[in-house]
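Reproduced below: protein34.cif, with mmCIF, C-alpha atoms (C1' of nucleotides).
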```
data_target
#
loop_
_atom_site.label_atom_id
_atom_site.label_comp_id
_atom_site.auth_asym_id
_atom_site.auth_seq_id
_atom_site.Cartn_x
_atom_site.Cartn_y
_atom_site.Cartn_z
CA MET A 253 0.00 0.00 0.00
CA THR A 254 1.41 3.33 -0.97
CA ASP A 255 0.17 6.68 0.15
CA ASP A 256 -2.85 6.70 -2.11
CA ALA A 257 -5.82 9.02 -2.02
CA ASP A 258 -7.79 6.85 0.38
CA THR A 259 -5.00 6.84 2.92
CA ARG A 260 -4.66 10.60 2.75
CA ALA A 261 -8.41 11.01 3.10
CA ARG A 262 -8.56 8.85 6.19
CA LEU A 263 -5.69 10.74 7.75
CA LEU A 264 -7.18 14.10 6.90
CA ASP A 265 -10.54 13.01 8.29
CA ALA A 266 -8.94 12.21 11.62
CA ALA A 267 -6.84 15.37 11.55
CA GLU A 268 -9.81 17.60 10.82
CA GLU A 269 -11.92 16.11 13.57
CA LEU A 270 -9.21 16.32 16.20
CA PHE A 271 -7.57 19.59 15.21
CA TYR A 272 -10.87 21.41 14.99
CA ALA A 273 -12.27 19.98 18.19
CA ARG A 274 -9.27 20.51 20.45
CA GLY A 275 -6.81 22.79 18.69
CA VAL A 276 -3.68 21.96 16.73
CA GLN A 277 -1.12 21.90 19.51
CA ALA A 278 -3.32 19.86 21.80
CA VAL A 279 -3.34 16.91 19.37
CA GLY A 280 -0.21 14.84 19.09
CA MET A 281 0.96 12.79 16.16
CA ASP A 282 0.46 9.60 18.12
CA GLU A 283 -3.17 10.44 18.65
CA LEU A 284 -3.55 11.06 14.94
CA ARG A 285 -1.99 7.69 14.28
CA ALA A 286 -4.45 6.00 16.60
CA ALA A 287 -7.45 7.86 15.19
CA SER A 288 -6.52 7.22 11.58
CA GLY A 289 -5.46 3.62 12.07
CA LEU A 290 -2.28 4.26 10.12
CA SER A 291 1.24 3.55 11.22
CA LEU A 292 3.56 6.43 12.01
CA LYS A 293 5.69 5.51 9.03
CA ARG A 294 2.87 5.88 6.54
CA LEU A 295 1.67 8.97 8.29
CA TYR A 296 5.04 10.61 7.77
CA ARG A 297 5.15 9.41 4.18
CA CYS A 298 1.90 11.24 3.47
CA PHE A 299 3.03 14.44 5.19
CA ALA A 300 6.64 15.08 5.97
CA SER A 301 5.83 17.03 9.10
CA LYS A 302 2.99 18.08 11.34
CA ASN A 303 3.09 21.53 9.78
CA GLU A 304 2.35 20.09 6.36
CA LEU A 305 -0.52 18.08 7.77
CA VAL A 306 -1.97 21.17 9.41
CA ALA A 307 -1.73 23.14 6.18
CA ALA A 308 -3.40 20.31 4.27
CA TYR A 309 -6.12 20.09 6.89
CA LEU A 310 -6.89 23.79 6.48
CA ARG A 311 -6.85 23.65 2.69
CA ARG A 312 -9.26 20.74 2.58
CA ARG A 313 -11.51 22.27 5.18
CA ASP A 314 -11.62 25.48 3.18
CA ALA A 315 -12.68 23.63 0.05
CA ARG A 316 -15.30 21.57 1.83
CA TRP A 317 -16.68 24.45 3.92
CA ARG A 318 -17.20 26.64 0.89
CA ALA A 319 -18.62 23.79 -1.17
CA ASP A 320 -21.14 22.99 1.56
CA LEU A 321 -22.10 26.64 1.85
CA ALA A 322 -22.49 27.04 -1.91
CA ALA A 323 -24.54 23.85 -2.17
CA TYR A 324 -26.90 25.04 0.54
CA VAL A 325 -27.31 28.47 -0.99
CA THR A 326 -28.04 27.18 -4.48
CA ALA A 327 -30.50 24.66 -3.05
CA HIS A 328 -32.39 27.04 -0.76
CA ALA A 329 -32.28 30.43 -2.48
CA ALA A 330 -35.28 30.71 -4.79
CA THR A 331 -34.25 34.10 -6.14
CA PRO A 332 -30.92 35.95 -6.44
CA ASP A 333 -32.11 38.33 -3.74
CA ALA A 334 -32.51 35.47 -1.28
CA ALA A 335 -29.03 34.05 -1.91
CA PRO A 336 -27.02 36.32 0.42
CA LEU A 337 -29.51 35.77 3.21
CA ALA A 338 -29.39 32.01 2.76
CA VAL A 339 -25.74 32.21 3.77
CA PHE A 340 -26.85 33.12 7.27
CA ASP A 341 -29.40 30.33 7.38
CA TRP A 342 -26.60 27.93 6.64
CA LEU A 343 -24.54 29.51 9.41
CA HIS A 344 -27.45 29.09 11.79
CA ALA A 345 -27.55 25.36 11.16
CA TRP A 346 -23.78 25.14 11.52
CA PHE A 347 -23.78 27.00 14.85
CA ALA A 348 -26.36 24.63 16.25
CA ALA A 349 -24.56 21.53 15.03
CA PRO A 350 -22.71 19.52 17.70
CA GLY A 351 -19.02 20.19 17.84
CA PHE A 352 -19.22 23.71 16.44
CA ARG A 353 -16.21 25.60 17.72
CA GLY A 354 -15.86 28.71 15.60
CA CYS A 355 -13.80 29.36 12.51
CA ALA A 356 -11.05 26.79 12.06
CA PHE A 357 -8.89 29.37 10.32
CA VAL A 358 -9.25 32.05 12.96
CA ASN A 359 -8.50 29.44 15.60
CA ALA A 360 -5.44 28.13 13.79
CA VAL A 361 -4.01 31.58 13.13
CA GLY A 362 -4.69 32.65 16.70
CA GLU A 363 -2.90 29.58 17.95
CA LEU A 364 0.06 29.34 15.56
CA GLY A 365 -0.09 32.77 13.96
CA PRO A 366 3.25 34.24 13.13
CA ALA A 367 5.01 30.94 13.77
CA SER A 368 3.55 29.24 10.71
CA ALA A 369 3.46 31.01 7.37
CA ASP A 370 1.55 28.13 5.78
CA VAL A 371 -1.31 28.49 8.22
CA THR A 372 -1.49 32.25 7.75
CA HIS A 373 -1.51 31.81 4.00
CA ALA A 374 -4.23 29.18 4.08
CA ALA A 375 -6.41 31.34 6.30
CA ARG A 376 -5.92 34.38 4.12
CA GLU A 377 -6.81 32.36 1.05
CA HIS A 378 -9.97 31.12 2.76
CA LYS A 379 -11.15 34.63 3.56
CA ARG A 380 -10.28 35.84 0.07
CA ALA A 381 -12.28 33.00 -1.49
CA LEU A 382 -15.24 33.67 0.77
CA HIS A 383 -15.18 37.33 -0.20
CA ALA A 384 -15.08 36.41 -3.87
CA TYR A 385 -18.05 34.08 -3.39
CA LEU A 386 -20.07 36.76 -1.61
CA THR A 387 -19.20 39.26 -4.33
CA GLY A 388 -20.57 36.83 -6.87
CA LEU A 389 -23.79 36.55 -4.87
CA VAL A 390 -24.45 40.29 -4.69
CA ARG A 391 -23.27 41.21 -8.19
CA PRO A 392 -26.48 39.99 -9.91
CA LEU A 393 -28.48 42.27 -7.62
CA GLY A 394 -27.20 45.32 -9.44
CA VAL A 395 -25.74 47.06 -6.41
CA ALA A 396 -23.40 49.97 -6.92
CA ASP A 397 -20.43 48.52 -5.02
CA PRO A 398 -20.56 44.71 -5.03
CA ALA A 399 -17.09 44.30 -3.52
CA GLY A 400 -17.77 46.73 -0.71
CA LEU A 401 -21.10 45.15 0.13
CA ALA A 402 -19.46 41.73 0.03
CA THR A 403 -16.88 42.96 2.51
CA GLN A 404 -19.63 44.10 4.86
CA LEU A 405 -21.35 40.74 4.52
CA ALA A 406 -18.07 38.96 5.16
CA ILE A 407 -17.65 40.99 8.34
CA LEU A 408 -21.12 39.90 9.41
CA VAL A 409 -20.28 36.28 8.64
CA ASP A 410 -17.05 36.35 10.63
CA GLY A 411 -18.64 38.25 13.46
CA ALA A 412 -21.51 35.83 13.68
CA ILE A 413 -19.09 32.91 13.77
CA SER A 414 -16.95 34.45 16.50
CA ASN A 415 -19.94 35.49 18.56
CA ALA A 416 -21.61 32.12 18.26
CA ALA A 417 -18.39 30.36 19.19
CA LEU A 418 -17.88 32.40 22.34
CA THR A 419 -21.45 32.70 23.52
CA ALA A 420 -22.53 29.23 22.34
CA ASP A 421 -25.75 30.87 21.18
CA PRO A 422 -26.79 29.93 17.63
CA CYS A 423 -29.25 32.83 17.57
CA THR A 424 -26.39 35.11 16.62
CA ALA A 425 -27.07 33.95 13.08
CA PRO A 426 -30.61 35.41 12.77
CA GLN A 427 -29.33 38.73 14.11
CA ALA A 428 -26.55 38.75 11.54
CA ARG A 429 -29.09 37.81 8.90
CA ALA A 430 -31.29 40.72 9.90
CA ALA A 431 -28.33 43.07 9.67
CA ALA A 432 -27.47 41.68 6.25
CA HIS A 433 -31.05 42.21 5.15
CA THR A 434 -30.81 45.85 6.21
CA LEU A 435 -27.56 46.32 4.34
CA LEU A 436 -28.91 44.64 1.20
CA THR A 437 -32.10 46.69 1.06
CA THR A 438 -30.49 50.06 1.74
CA THR A 439 -27.38 49.77 -0.42
CA PRO A 440 -27.52 52.01 -3.53
CA HIS A 441 -28.30 50.32 -6.83
CA THR A 442 -27.10 51.22 -10.28
CA MET B 246 9.17 41.29 49.20
CA THR B 247 5.85 39.56 49.05
CA ASP B 248 3.61 39.17 46.05
CA ASP B 249 2.41 42.73 46.08
CA ALA B 250 0.49 44.56 43.40
CA ASP B 251 3.58 45.80 41.57
CA THR B 252 4.94 42.28 41.23
CA ARG B 253 1.63 41.02 39.85
CA ALA B 254 1.47 43.93 37.44
CA ARG B 255 4.95 43.29 36.08
CA LEU B 256 4.15 39.62 35.63
CA LEU B 257 0.85 40.33 33.95
CA ASP B 258 2.50 42.87 31.67
CA ALA B 259 4.94 40.25 30.46
CA ALA B 260 2.21 37.63 30.21
CA GLU B 261 -0.06 39.84 28.18
CA GLU B 262 2.65 40.83 25.74
CA LEU B 263 3.87 37.29 25.18
CA PHE B 264 0.55 35.42 25.29
CA TYR B 265 -1.11 37.82 22.89
CA ALA B 266 1.79 37.97 20.47
CA ARG B 267 2.54 34.27 20.19
CA GLY B 268 -0.33 32.33 21.73
CA VAL B 269 -0.64 30.78 25.16
CA GLN B 270 0.87 27.38 24.55
CA ALA B 271 3.83 28.80 22.64
CA VAL B 272 5.04 30.72 25.69
CA GLY B 273 6.66 28.75 28.48
CA MET B 274 6.85 29.64 32.13
CA ASP B 275 10.60 30.08 31.87
CA GLU B 276 10.16 32.71 29.20
CA LEU B 277 7.67 34.51 31.40
CA ARG B 278 10.18 34.40 34.20
CA ALA B 279 12.85 35.94 31.99
CA ALA B 280 10.52 38.60 30.59
CA SER B 281 9.15 39.61 33.98
CA GLY B 282 12.47 39.50 35.80
CA LEU B 283 10.90 37.47 38.59
CA SER B 284 12.09 34.20 39.97
CA LEU B 285 10.09 31.07 39.34
CA LYS B 286 9.30 30.86 43.02
CA ARG B 287 7.68 34.27 43.18
CA LEU B 288 5.96 33.62 39.90
CA TYR B 289 4.31 30.53 41.31
CA ARG B 290 3.44 32.37 44.48
CA CYS B 291 1.50 34.94 42.48
CA PHE B 292 -0.31 32.32 40.41
CA ALA B 293 -0.43 28.73 41.46
CA SER B 294 -0.44 27.44 37.89
CA LYS B 295 -0.18 28.60 34.31
CA ASN B 296 -3.92 28.23 33.94
CA GLU B 297 -4.51 30.79 36.68
CA LEU B 298 -2.07 33.15 35.05
CA VAL B 299 -3.82 32.80 31.72
CA ALA B 300 -7.19 33.49 33.30
CA ALA B 301 -5.81 36.56 35.08
CA TYR B 302 -4.23 37.76 31.84
CA LEU B 303 -7.60 37.57 30.10
CA ARG B 304 -9.47 39.26 32.93
CA ARG B 305 -7.06 42.18 33.04
CA ARG B 306 -6.99 42.51 29.28
CA ASP B 307 -10.78 42.60 29.24
CA ALA B 308 -10.84 45.43 31.76
CA ARG B 309 -8.15 47.43 30.02
CA TRP B 310 -9.51 46.86 26.52
CA ARG B 311 -12.97 48.06 27.45
CA ALA B 312 -11.62 50.97 29.47
CA ASP B 313 -9.52 52.12 26.51
CA LEU B 314 -12.48 51.80 24.18
CA ALA B 315 -14.78 53.70 26.51
CA ALA B 316 -12.21 56.44 27.06
CA TYR B 317 -11.79 56.92 23.32
CA VAL B 318 -15.52 56.99 22.69
CA THR B 319 -16.26 59.53 25.40
CA ALA B 320 -13.37 61.68 24.20
CA HIS B 321 -14.19 61.60 20.49
CA ALA B 322 -17.96 61.34 20.26
CA ALA B 323 -19.42 64.84 20.25
CA THR B 324 -23.02 63.62 20.25
CA PRO B 325 -24.72 60.42 21.39
CA ASP B 326 -25.34 59.57 17.75
CA ALA B 327 -21.62 59.59 17.05
CA ALA B 328 -20.73 57.31 19.94
CA PRO B 329 -21.46 53.93 18.33
CA LEU B 330 -19.52 54.97 15.24
CA ALA B 331 -16.56 56.09 17.31
CA VAL B 332 -16.20 52.48 18.40
CA PHE B 333 -15.13 51.61 14.87
CA ASP B 334 -12.70 54.52 14.69
CA TRP B 335 -11.05 53.13 17.77
CA LEU B 336 -10.95 49.70 16.14
CA HIS B 337 -9.34 51.22 13.07
CA ALA B 338 -6.48 52.62 15.12
CA TRP B 339 -6.10 49.31 16.95
CA PHE B 340 -5.94 47.32 13.72
CA ALA B 341 -3.19 49.57 12.40
CA ALA B 342 -1.19 49.40 15.60
CA PRO B 343 1.92 47.20 15.53
CA GLY B 344 1.42 43.80 17.08
CA PHE B 345 -2.30 43.63 16.42
CA ARG B 346 -3.23 39.98 16.25
CA GLY B 347 -6.98 39.77 16.56
CA CYS B 348 -9.16 39.21 19.59
CA ALA B 349 -7.22 37.79 22.53
CA PHE B 350 -10.32 36.00 23.77
CA VAL B 351 -11.21 34.39 20.47
CA ASN B 352 -7.60 33.29 20.11
CA ALA B 353 -7.43 31.88 23.62
CA VAL B 354 -10.71 29.99 23.30
CA GLY B 355 -9.73 28.68 19.88
CA GLU B 356 -6.46 27.45 21.29
CA LEU B 357 -7.52 26.06 24.67
CA GLY B 358 -11.26 25.94 24.23
CA PRO B 359 -12.96 23.06 25.95
CA ALA B 360 -9.81 22.20 27.86
CA SER B 361 -9.97 25.28 30.07
CA ALA B 362 -13.24 26.34 31.65
CA ASP B 363 -11.65 29.49 33.08
CA VAL B 364 -10.66 30.72 29.65
CA THR B 365 -14.09 30.05 28.23
CA HIS B 366 -15.69 31.85 31.13
CA ALA B 367 -13.42 34.90 30.83
CA ALA B 368 -14.09 35.15 27.10
CA ARG B 369 -17.84 34.85 27.59
CA GLU B 370 -17.72 37.54 30.24
CA HIS B 371 -15.78 39.80 27.90
CA LYS B 372 -18.35 39.48 25.15
CA ARG B 373 -21.20 39.96 27.56
CA ALA B 374 -19.62 43.14 28.92
CA LEU B 375 -19.02 44.47 25.43
CA HIS B 376 -22.63 43.85 24.53
CA ALA B 377 -23.76 45.66 27.66
CA TYR B 378 -21.55 48.60 26.78
CA LEU B 379 -22.90 48.81 23.24
CA THR B 380 -26.43 48.58 24.55
CA GLY B 381 -25.68 51.56 26.76
CA LEU B 382 -24.42 53.48 23.75
CA VAL B 383 -27.51 52.92 21.61
CA ARG B 384 -30.11 53.22 24.35
CA PRO B 385 -29.98 57.07 24.45
CA LEU B 386 -30.72 57.12 20.73
CA GLY B 387 -34.26 56.01 21.33
CA VAL B 388 -34.17 52.94 19.15
CA ALA B 389 -36.92 50.37 19.42
CA ASP B 390 -34.68 47.38 20.26
CA PRO B 391 -31.45 48.53 21.93
CA ALA B 392 -30.29 45.03 22.83
CA GLY B 393 -30.89 43.68 19.35
CA LEU B 394 -29.10 46.58 17.71
CA ALA B 395 -26.24 46.16 20.17
CA THR B 396 -25.99 42.52 19.17
CA GLN B 397 -25.73 43.49 15.53
CA LEU B 398 -23.06 46.05 16.37
CA ALA B 399 -21.19 43.46 18.41
CA ILE B 400 -21.27 41.13 15.43
CA LEU B 401 -19.77 43.89 13.31
CA VAL B 402 -17.09 44.53 15.92
CA ASP B 403 -16.11 40.87 16.16
CA GLY B 404 -16.25 40.44 12.42
CA ALA B 405 -14.07 43.46 11.84
CA ILE B 406 -11.53 42.17 14.34
CA SER B 407 -11.41 38.69 12.79
CA ASN B 408 -11.21 40.03 9.27
CA ALA B 409 -8.50 42.52 10.12
CA ALA B 410 -6.52 39.85 11.93
CA LEU B 411 -6.59 37.44 9.00
CA THR B 412 -6.22 39.86 6.11
CA ALA B 413 -3.92 42.29 7.95
CA ASP B 414 -5.92 45.08 6.36
CA PRO B 415 -6.99 47.81 8.82
CA CYS B 416 -9.50 49.13 6.28
CA THR B 417 -11.93 46.49 7.44
CA ALA B 418 -12.80 48.98 10.17
CA PRO B 419 -14.20 51.71 7.89
CA GLN B 420 -16.32 49.12 6.12
CA ALA B 421 -17.70 47.89 9.42
CA ARG B 422 -18.28 51.49 10.42
CA ALA B 423 -20.24 52.12 7.24
CA ALA B 424 -22.34 49.03 7.91
CA ALA B 425 -22.94 50.22 11.47
CA HIS B 426 -23.99 53.60 10.14
CA THR B 427 -26.53 51.94 7.87
CA LEU B 428 -27.91 49.87 10.74
CA LEU B 429 -28.13 52.89 13.02
CA THR B 430 -29.95 55.10 10.54
CA THR B 431 -32.46 52.50 9.39
CA THR B 432 -33.36 50.91 12.70
CA PRO B 433 -36.87 51.77 13.89
CA HIS B 434 -37.15 54.39 16.64
CA THR B 435 -39.70 54.69 19.34
"C1'" DT C 73 12.79 -23.12 -0.96
"C1'" DA C 74 15.69 -18.97 -0.45
"C1'" DC C 75 15.96 -14.17 -0.85
"C1'" DC C 76 14.70 -9.39 -0.49
"C1'" DC C 77 11.90 -5.47 -0.15
"C1'" DT C 78 8.54 -3.28 2.41
"C1'" DA C 79 5.29 -2.48 6.10
"C1'" DG C 80 3.69 -2.33 10.88
"C1'" DA C 81 4.37 -1.84 15.76
"C1'" DG C 82 6.38 0.59 18.91
"C1'" DA C 83 10.78 1.72 21.33
"C1'" DA C 84 14.03 5.38 21.35
"C1'" DC C 85 15.68 10.10 21.05
"C1'" DG C 86 16.43 14.80 22.05
"C1'" DA C 87 13.89 18.73 23.18
"C1'" DT C 88 10.78 21.20 25.88
"C1'" DC C 89 6.95 21.60 28.89
"C1'" DG C 90 4.88 22.85 33.78
"C1'" DT C 91 6.15 22.26 38.28
"C1'" DT C 92 9.00 21.27 42.35
"C1'" DC C 93 13.24 20.97 44.90
"C1'" DT C 94 17.95 22.03 46.30
"C1'" DC C 95 21.14 25.02 48.03
"C1'" DA C 96 23.89 28.92 48.85
"C1'" DC C 97 23.00 33.44 50.56
"C1'" DC C 98 21.15 37.61 52.83
"C1'" DG C 99 18.84 40.75 56.16
"C1'" DC C 100 16.86 40.57 60.75
"C1'" DC C 101 16.09 40.00 65.76
"C1'" DA C 102 18.06 38.12 70.14
"C1'" DT D 192 27.82 37.44 66.92
"C1'" DG D 193 24.87 33.66 65.84
"C1'" DG D 194 21.06 31.25 64.22
"C1'" DC D 195 16.93 31.59 61.06
"C1'" DG D 196 13.22 32.36 57.87
"C1'" DG D 197 12.79 33.50 53.39
"C1'" DT D 198 15.02 34.65 48.79
"C1'" DG D 199 16.90 34.04 43.97
"C1'" DA D 200 19.07 31.14 40.68
"C1'" DG D 201 18.66 27.28 38.47
"C1'" DA D 202 19.01 22.12 38.57
"C1'" DA D 203 15.93 18.30 38.61
"C1'" DC D 204 11.79 15.68 37.57
"C1'" DG D 205 8.34 13.28 35.15
"C1'" DA D 206 5.57 13.86 31.25
"C1'" DT D 207 4.87 14.60 26.55
"C1'" DC D 208 6.07 16.40 22.16
"C1'" DG D 209 7.60 15.62 16.97
"C1'" DT D 210 10.47 12.71 14.67
"C1'" DT D 211 13.43 8.76 13.65
"C1'" DC D 212 15.10 4.10 14.21
"C1'" DT D 213 14.98 -0.82 15.19
"C1'" DC D 214 13.23 -5.13 14.76
"C1'" DT D 215 10.20 -8.56 13.29
"C1'" DA D 216 7.12 -10.59 10.00
"C1'" DG D 217 5.31 -11.61 5.62
"C1'" DG D 218 4.59 -11.89 0.64
"C1'" DG D 219 6.25 -11.79 -4.14
"C1'" DT D 220 9.81 -13.67 -7.32
"C1'" DA D 221 13.49 -16.63 -9.11
#
```
Let me see the file written as structure tokens.
Amino acid sequence: MTDDADTRARLLDAAEELFYARGVQAVGMDELRAASGLSLKRLYRCFASKNELVAAYLRRRDARWRADLAAYVTAHAATPDAAPLAVFDWLHAWFAAPGFRGCAFVNAVGELGPASADVTHAAREHKRALHAYLTGLVRPLGVADPAGLATQLAILVDGAISNAALTADPCTAPQARAAAHTLLTTTPHT
Amino acid sequence: MTDDADTRARLLDAAEELFYARGVQAVGMDELRAASGLSLKRLYRCFASKNELVAAYLRRRDARWRADLAAYVTAHAATPDAAPLAVFDWLHAWFAAPGFRGCAFVNAVGELGPASADVTHAAREHKRALHAYLTGLVRPLGVADPAGLATQLAILVDGAISNAALTADPCTAPQARAAAHTLLTTTPHT
DNA sequence: TACCCTAGAGAACGATCGTTCTCACCGCCA
DNA sequence: TGGCGGTGAGAACGATCGTTCTCTAGGGTA
């Protein structure tokens, strides 16, 4: 058995679950070995170091998080106007889900921050991609400044996540949704 | 010399600088000893464990952070209407300050989270106090739902902090301020 | 059957962690 | 002057970390 895609997936599954639930530094490589069922040798053949594994964990989580969000929005938004608000409905469900513990990228940067350039880069890429997605959602609405409005929505998204993580109250999401609704209806149109 | 207030202050100064800059787990007790100039014995007489020191660091940072914010707002807000917006001007200056690295409480909870009840409690108290402060700022404006509006403003504050921390762009603050302005002017009044 | 390459299990390693202990030393009261 | 309680400096301790190494076992090929 070489380090094929299935092996990587199993390892990343274990890494995501443990890293997100307890933080990066609180999870040791031996625990990852036990959770993934792999041997240490294969683990280190997939990722040469813990840093690489952490970076891969963040990259995959970014892709999956945004794919889940986009799938929900396209499934639940009947009209283009409803799409930006559906983002906050998805957040509401996420906040209430067991194991929710805030933004994995904010947590990772707060924990490792300046010590790991890979983590900082992955987090920055995540936020940039989210902003681009939100810009795409508001552009069809014919607003005057899609990028600026997307930035304001992104601030609401991040704020809702942080607030929900600290207060453990999922109802932060409806409040953020209401604020987004206000911003969307009062922003100037072309 | 006993563990008087000056000793505690020096230790907490060092702890705040190091914990905030590099994360809690990345800073060892020996480094705190070197940075504070205290001996390990006195250090452990002030705080019986690292956990207690971390909790004290967060409590003092909460008090100072909110005092600084309140002082700025009272000094720079000419009218009650300007007060909530002044919050975001203060954030703007903070984001641009050297060493800014996001919300200390979000970072600490993300790093230690479920493993430390004291940290979670301190962070929750911080957010609760901020919400109470914002409620006090919007109440004189005669809005219909001061607490709800304060929650929305708190979401903007947290979102601006997270965004600025990840993107290293202080201009998140003006965008959050603009969003706050929209919310303030369109909220129903009594 | 004999050989060899690889994999798994886990011991080993050096570093570092939080915490405690040792020990020489100093100011203080009798 | 002579003990004495408390101090600072740092060694020591057990635990745990990320990473590497050893050793054994097994399966494919000639």
Hey, what comes out of the PyMOL selection byres ((chain A) within 9 of (chain C)) on this file? Could you write it as a count of residues only? 6
Here CA of Arg311 (chain B) and CA of Gln427 (chain A) stand apart by 23.1 Å
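Minimum atom-to-atom distance to chain B, evaluated using all atoms listed in the file, belongs to D:DA200 out of D:DA200, D:DC195, D:DA221, D:DA216.
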- [ ] Please return, as a list in words, all residues of chain A lying within 8 Å of chain D when all atoms listed in the file are considered.
- [x] Gly280, Met281 and Lys302 of chain A
Can you check which residues of chain B have any atom within 7 Å of chain A? Use only C-alpha atoms and format it as a short mmCIF file (atom, residue, chain, number, x, y, z; two decimals) with C-alpha atoms, keeping the file's coordinate frame.
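Dumped everything to part13.cif:
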```
data_model
loop_
_atom_site.label_atom_id
_atom_site.label_comp_id
_atom_site.auth_asym_id
_atom_site.auth_seq_id
_atom_site.Cartn_x
_atom_site.Cartn_y
_atom_site.Cartn_z
CA ARG B 267 2.54 34.27 20.19
CA GLY B 268 -0.33 32.33 21.73
CA VAL B 351 -11.21 34.39 20.47
CA ASN B 352 -7.60 33.29 20.11
CA GLY B 355 -9.73 28.68 19.88
CA GLU B 356 -6.46 27.45 21.29
CA LEU B 357 -7.52 26.06 24.67
CA GLY B 358 -11.26 25.94 24.23
CA ALA B 368 -14.09 35.15 27.10
CA ARG B 369 -17.84 34.85 27.59
CA GLN B 397 -25.73 43.49 15.53
CA ILE B 400 -21.27 41.13 15.43
CA LEU B 401 -19.77 43.89 13.31
CA VAL B 402 -17.09 44.53 15.92
CA ASP B 403 -16.11 40.87 16.16
CA GLY B 404 -16.25 40.44 12.42
CA ALA B 405 -14.07 43.46 11.84
CA SER B 407 -11.41 38.69 12.79
CA ASN B 408 -11.21 40.03 9.27
CA LEU B 411 -6.59 37.44 9.00
CA THR B 412 -6.22 39.86 6.11
CA GLN B 420 -16.32 49.12 6.12
CA ALA B 421 -17.70 47.89 9.42
CA ALA B 424 -22.34 49.03 7.91
CA THR B 427 -26.53 51.94 7.87
CA LEU B 428 -27.91 49.87 10.74
#
```
CA of Pro415 (chain B) to CA of Ala341 (chain B) measures 5.5 Å
Kindly list the centre and edge lengths in Å, rounded to one decimal, for the axis-aligned box that covers all listed atoms of region 319-332 of chain B plus 6 Å on each of its six sides, as lines of an AutoDock Vina configuration file.
```
center_x = -19.4
center_y = 58.7
center_z = 20.3
size_x = 24.0
size_y = 24.4
size_z = 22.2
```
task = Might you spell out which residues the PyMOL selection byres ((chain A and resi 286) around 12) would select in the displayed file, as a ChimeraX atom specification?
result = /A:262-263,266-267,270,279-285,287-292,295 /C:81
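Atom to atom, CA of Gly387 (chain B) and CA of Leu429 (chain B) stand 10.8 Å apart.
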Judged by all atoms listed in the file, the minimum distance to Arg384 (chain B) among B:Val332, B:Asp414, B:Ala250, B:Pro325 is found for B:Pro325
Residue neighbourhood Asn303 (chain A), 8 Å, all atoms listed in the file, exclusion window fewer than 4 positions, as a count of residues only:
3
